[in-house]
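Listing of my_file38.cif; format and content: mmCIF, C-alpha atoms.
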data_input
#
loop_
_atom_site.label_atom_id
_atom_site.label_comp_id
_atom_site.auth_asym_id
_atom_site.auth_seq_id
_atom_site.Cartn_x
_atom_site.Cartn_y
_atom_site.Cartn_z
CA MET A 1 -20.17 21.75 9.07
CA GLN A 2 -20.83 24.10 6.17
CA ASN A 3 -20.52 22.86 2.59
CA SER A 4 -17.49 25.07 2.01
CA GLU A 5 -15.80 23.62 5.10
CA ALA A 6 -16.60 20.08 3.99
CA ILE A 7 -15.09 20.66 0.56
CA ALA A 8 -12.00 22.27 2.11
CA LEU A 9 -11.59 19.27 4.43
CA SER A 10 -12.06 16.86 1.52
CA ALA A 11 -9.48 18.69 -0.57
CA ALA A 12 -6.98 18.74 2.30
CA VAL A 13 -7.33 15.00 3.00
CA LEU A 14 -6.99 14.15 -0.69
CA ALA A 15 -3.95 16.42 -1.04
CA VAL A 16 -2.26 14.85 1.99
CA ALA A 17 -3.02 11.33 0.73
CA GLY A 18 -1.63 12.11 -2.72
CA GLU A 19 1.49 13.75 -1.30
CA LEU A 20 2.05 10.88 1.12
CA THR A 21 1.72 8.28 -1.63
CA GLN A 22 4.14 10.21 -3.83
CA ARG A 23 6.71 10.68 -1.06
CA ILE A 24 6.64 7.01 -0.09
CA HIS A 25 7.00 6.02 -3.73
CA GLU A 26 9.94 8.40 -4.22
CA GLY A 27 11.54 7.06 -1.03
CA VAL A 28 11.23 3.47 -2.24
CA VAL A 29 12.77 4.36 -5.61
CA ALA A 30 15.55 6.33 -3.89
CA ARG A 31 16.36 3.20 -1.88
CA GLY A 32 17.10 1.35 -5.11
CA PHE A 33 13.81 -0.34 -5.99
CA GLU A 34 13.19 0.33 -9.64
CA GLY A 35 10.12 -0.45 -11.67
CA VAL A 36 7.73 -0.27 -8.73
CA ARG A 37 4.55 1.77 -8.69
CA PRO A 38 2.31 2.83 -5.82
CA ALA A 39 -0.15 0.10 -6.87
CA HIS A 40 2.56 -2.46 -6.10
CA GLY A 41 2.85 -1.14 -2.57
CA PHE A 42 -0.90 -1.44 -2.06
CA ALA A 43 -0.63 -5.06 -3.23
CA PHE A 44 2.31 -5.74 -0.90
CA VAL A 45 0.17 -4.62 2.05
CA ARG A 46 -2.29 -7.44 1.27
CA LEU A 47 0.39 -10.02 0.53
CA ALA A 48 2.22 -9.49 3.82
CA PRO A 49 2.49 -11.44 6.04
CA ASP A 50 0.97 -14.70 4.79
CA GLY A 51 0.31 -14.21 1.09
CA ALA A 52 -2.99 -14.12 -0.76
CA THR A 53 -4.70 -15.52 -3.82
CA VAL A 54 -5.24 -13.42 -6.92
CA THR A 55 -8.93 -13.28 -5.99
CA ASP A 56 -8.06 -11.94 -2.52
CA LEU A 57 -5.73 -9.38 -4.03
CA ALA A 58 -8.36 -8.27 -6.57
CA ALA A 59 -10.87 -7.71 -3.76
CA HIS A 60 -8.31 -5.78 -1.71
CA LEU A 61 -7.38 -3.50 -4.62
CA GLY A 62 -10.94 -3.15 -5.88
CA VAL A 63 -10.02 -4.37 -9.36
CA THR A 64 -11.00 -7.30 -11.56
CA LYS A 65 -9.37 -10.67 -11.11
CA GLN A 66 -7.81 -10.20 -14.55
CA ALA A 67 -6.23 -6.88 -13.55
CA ALA A 68 -4.91 -8.41 -10.33
CA SER A 69 -3.52 -11.34 -12.30
CA GLN A 70 -1.70 -8.96 -14.64
CA LEU A 71 -0.27 -7.11 -11.65
CA VAL A 72 0.92 -10.40 -10.14
CA ASP A 73 2.51 -11.42 -13.47
CA GLU A 74 4.42 -8.12 -13.49
CA LEU A 75 5.55 -8.55 -9.88
CA VAL A 76 6.68 -12.12 -10.57
CA ARG A 77 8.73 -10.94 -13.58
CA ARG A 78 10.35 -8.25 -11.43
CA GLY A 79 11.15 -10.76 -8.67
CA TYR A 80 8.98 -9.20 -5.94
CA VAL A 81 6.54 -12.10 -5.53
CA GLU A 82 6.27 -15.76 -6.33
CA ARG A 83 3.43 -18.21 -6.79
CA ARG A 84 3.26 -21.22 -4.49
CA PRO A 85 0.78 -24.06 -4.08
CA HIS A 86 -2.05 -23.02 -1.77
CA PRO A 87 -1.84 -25.04 1.47
CA ALA A 88 -5.63 -25.43 1.77
CA ASP A 89 -6.87 -25.33 -1.85
CA ALA A 90 -5.19 -27.43 -4.54
CA ARG A 91 -6.88 -25.36 -7.26
CA ALA A 92 -5.51 -22.04 -6.02
CA ARG A 93 -2.05 -20.50 -6.01
CA LEU A 94 -0.77 -18.47 -3.09
CA ILE A 95 1.06 -15.26 -4.01
CA VAL A 96 3.82 -14.46 -1.50
CA LEU A 97 6.51 -11.82 -1.22
CA THR A 98 10.07 -12.86 -2.07
CA GLU A 99 13.07 -11.54 -0.16
CA LEU A 100 13.16 -8.67 -2.66
CA GLY A 101 9.47 -8.00 -1.99
CA TRP A 102 10.08 -7.96 1.76
CA ALA A 103 13.05 -5.62 1.30
CA CYS A 104 10.87 -3.29 -0.78
CA THR A 105 8.21 -3.40 1.95
CA ARG A 106 10.80 -2.43 4.56
CA ALA A 107 11.97 0.41 2.30
CA ALA A 108 8.36 1.64 2.07
CA GLU A 109 8.07 1.58 5.86
CA GLU A 110 11.24 3.67 6.15
CA ALA A 111 9.99 6.05 3.46
CA ALA A 112 6.66 6.39 5.28
CA ALA A 113 8.48 7.29 8.50
CA ASP A 114 10.48 9.90 6.58
CA ALA A 115 7.30 11.25 4.97
CA VAL A 116 5.47 11.82 8.26
CA ARG A 117 8.48 13.17 10.14
CA PRO A 118 7.69 16.76 9.03
CA TRP A 119 4.19 16.33 10.45
CA VAL A 120 5.71 15.54 13.85
CA GLU A 121 7.98 18.57 13.57
CA LEU A 122 5.02 20.80 12.67
CA LEU A 123 2.32 19.42 14.96
CA GLY A 124 4.21 17.56 17.67
CA GLU A 125 4.20 13.84 18.30
CA SER A 126 1.12 13.83 20.53
CA GLU A 127 -1.00 15.66 17.93
CA VAL A 128 0.16 13.31 15.18
CA ARG A 129 -0.83 10.34 17.37
CA VAL A 130 -4.28 11.92 17.89
CA LEU A 131 -4.55 12.53 14.14
CA CYS A 132 -3.67 8.90 13.49
CA ASP A 133 -6.26 7.73 16.02
CA ARG A 134 -8.98 9.92 14.50
CA LEU A 135 -8.19 8.83 10.94
CA LEU A 136 -8.23 5.17 11.95
CA ARG A 137 -11.67 5.71 13.51
CA ILE A 138 -13.15 7.08 10.30
CA ALA A 139 -11.11 5.22 7.66
CA PRO A 140 -13.24 2.68 5.83
CA TYR A 141 -12.21 -0.93 5.90
CA GLY A 142 -12.22 -2.46 2.49
CA PRO A 143 -10.68 -2.17 -0.95
CA ILE A 144 -7.85 0.26 -1.51
CA ARG A 145 -8.20 1.72 -4.97
CA PRO A 146 -4.70 2.66 -6.09
CA THR A 147 -3.82 5.02 -8.88
CA TRP A 148 -2.50 2.94 -11.74
#
In structure tokens, how does this file's structure come out?
Amino acid sequence: MQNSEAIALSAAVLAVAGELTQRIHEGVVARGFEGVRPAHGFAFVRLAPDGATVTDLAAHLGVTKQAASQLVDELVRRGYVERRPHPADARARLIVLTELGWACTRAAEEAAADAVRPWVELLGESEVRVLCDRLLRIAPYGPIRPTW
């Protein structure tokens, strides 16, 4: 692959990722969830289904423990998560989604389906499935660094 092709591919992937994040966020807000940011959604991904500690969340988001703690404080104030005793570690607190947090997560799933629907219309369902398969093969596993 030529350098110019590599930069074009990089720009296209980044543009699609940014657009997708924005459309999901707009869909969540349109479904009545106010005060949420894309970073909250990235946190919800780690908290579902069984919760996580602040340390786990910090590692997932690629931020400091202090930044993750501030994010959790904000989500607690907004009613999206709650702190519970950790079942295996008396020193730790488990951060879990509340019913409102789960509802917001479901709204994000619906918004994601709406956001990729034009891709299916443009490329066809089989090509979108192939695209998904290829992206999953090359996507790194590890921290998701959200835009704050």
Picked residues, the PyMOL selection byres ((chain A and resi 114) around 12), expected as number ranges by chain: A: 20, 23-28, 107-113, 115-121
Output check: residues returned by the PyMOL selection byres ((chain A and resi 66-79) around 12), as number ranges by chain: A: 33-44, 46-47, 51-65, 80-84, 93-104, 145-146, 148
Could you please take those selected residues and save C-alpha atoms as a PDB file, in the coordinates of the input?
ATOM      1  CA  PHE A  33      13.810  -0.340  -5.990  1.00  0.00           C
ATOM      2  CA  GLU A  34      13.190   0.330  -9.640  1.00  0.00           C
ATOM      3  CA  GLY A  35      10.120  -0.450 -11.670  1.00  0.00           C
ATOM      4  CA  VAL A  36       7.730  -0.270  -8.730  1.00  0.00           C
ATOM      5  CA  ARG A  37       4.550   1.770  -8.690  1.00  0.00           C
ATOM      6  CA  PRO A  38       2.310   2.830  -5.820  1.00  0.00           C
ATOM      7  CA  ALA A  39      -0.150   0.100  -6.870  1.00  0.00           C
ATOM      8  CA  HIS A  40       2.560  -2.460  -6.100  1.00  0.00           C
ATOM      9  CA  GLY A  41       2.850  -1.140  -2.570  1.00  0.00           C
ATOM     10  CA  PHE A  42      -0.900  -1.440  -2.060  1.00  0.00           C
ATOM     11  CA  ALA A  43      -0.630  -5.060  -3.230  1.00  0.00           C
ATOM     12  CA  PHE A  44       2.310  -5.740  -0.900  1.00  0.00           C
ATOM     13  CA  ARG A  46      -2.290  -7.440   1.270  1.00  0.00           C
ATOM     14  CA  LEU A  47       0.390 -10.020   0.530  1.00  0.00           C
ATOM     15  CA  GLY A  51       0.310 -14.210   1.090  1.00  0.00           C
ATOM     16  CA  ALA A  52      -2.990 -14.120  -0.760  1.00  0.00           C
ATOM     17  CA  THR A  53      -4.700 -15.520  -3.820  1.00  0.00           C
ATOM     18  CA  VAL A  54      -5.240 -13.420  -6.920  1.00  0.00           C
ATOM     19  CA  THR A  55      -8.930 -13.280  -5.990  1.00  0.00           C
ATOM     20  CA  ASP A  56      -8.060 -11.940  -2.520  1.00  0.00           C
ATOM     21  CA  LEU A  57      -5.730  -9.380  -4.030  1.00  0.00           C
ATOM     22  CA  ALA A  58      -8.360  -8.270  -6.570  1.00  0.00           C
ATOM     23  CA  ALA A  59     -10.870  -7.710  -3.760  1.00  0.00           C
ATOM     24  CA  HIS A  60      -8.310  -5.780  -1.710  1.00  0.00           C
ATOM     25  CA  LEU A  61      -7.380  -3.500  -4.620  1.00  0.00           C
ATOM     26  CA  GLY A  62     -10.940  -3.150  -5.880  1.00  0.00           C
ATOM     27  CA  VAL A  63     -10.020  -4.370  -9.360  1.00  0.00           C
ATOM     28  CA  THR A  64     -11.000  -7.300 -11.560  1.00  0.00           C
ATOM     29  CA  LYS A  65      -9.370 -10.670 -11.110  1.00  0.00           C
ATOM     30  CA  TYR A  80       8.980  -9.200  -5.940  1.00  0.00           C
ATOM     31  CA  VAL A  81       6.540 -12.100  -5.530  1.00  0.00           C
ATOM     32  CA  GLU A  82       6.270 -15.760  -6.330  1.00  0.00           C
ATOM     33  CA  ARG A  83       3.430 -18.210  -6.790  1.00  0.00           C
ATOM     34  CA  ARG A  84       3.260 -21.220  -4.490  1.00  0.00           C
ATOM     35  CA  ARG A  93      -2.050 -20.500  -6.010  1.00  0.00           C
ATOM     36  CA  LEU A  94      -0.770 -18.470  -3.090  1.00  0.00           C
ATOM     37  CA  ILE A  95       1.060 -15.260  -4.010  1.00  0.00           C
ATOM     38  CA  VAL A  96       3.820 -14.460  -1.500  1.00  0.00           C
ATOM     39  CA  LEU A  97       6.510 -11.820  -1.220  1.00  0.00           C
ATOM     40  CA  THR A  98      10.070 -12.860  -2.070  1.00  0.00           C
ATOM     41  CA  GLU A  99      13.070 -11.540  -0.160  1.00  0.00           C
ATOM     42  CA  LEU A 100      13.160  -8.670  -2.660  1.00  0.00           C
ATOM     43  CA  GLY A 101       9.470  -8.000  -1.990  1.00  0.00           C
ATOM     44  CA  TRP A 102      10.080  -7.960   1.760  1.00  0.00           C
ATOM     45  CA  ALA A 103      13.050  -5.620   1.300  1.00  0.00           C
ATOM     46  CA  CYS A 104      10.870  -3.290  -0.780  1.00  0.00           C
ATOM     47  CA  ARG A 145      -8.200   1.720  -4.970  1.00  0.00           C
ATOM     48  CA  PRO A 146      -4.700   2.660  -6.090  1.00  0.00           C
ATOM     49  CA  TRP A 148      -2.500   2.940 -11.740  1.00  0.00           C
TER      50      TRP A 148
END
Take every atom of range 84-95 of chain A listed in the file, fit an axis-aligned box around them, add 3 Å per side, and give the centre and edge lengths in Å to one decimal as AutoDock Vina command-line options.
--center_x -1.8 --center_y -21.3 --center_z -2.7 --size_x 16.1 --size_y 18.2 --size_z 15.0
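One finds CA of Ala48 in chain A at 21.4 Å from CA of Arg91 in chain A.
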Separation of CA of Pro49 in chain A from CA of Leu14 in chain A, in Å and rounded to one decimal: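 Calculated distance between CA of Pro49 in chain A and CA of Leu14 in chain A is 28.1 Å.
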Interatomic distance (Å, one decimal) between CA of Gln2 in chain A and CA of Arg137 in chain A: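 CA of Arg137 in chain A lies 21.8 Å from CA of Gln2 in chain A.
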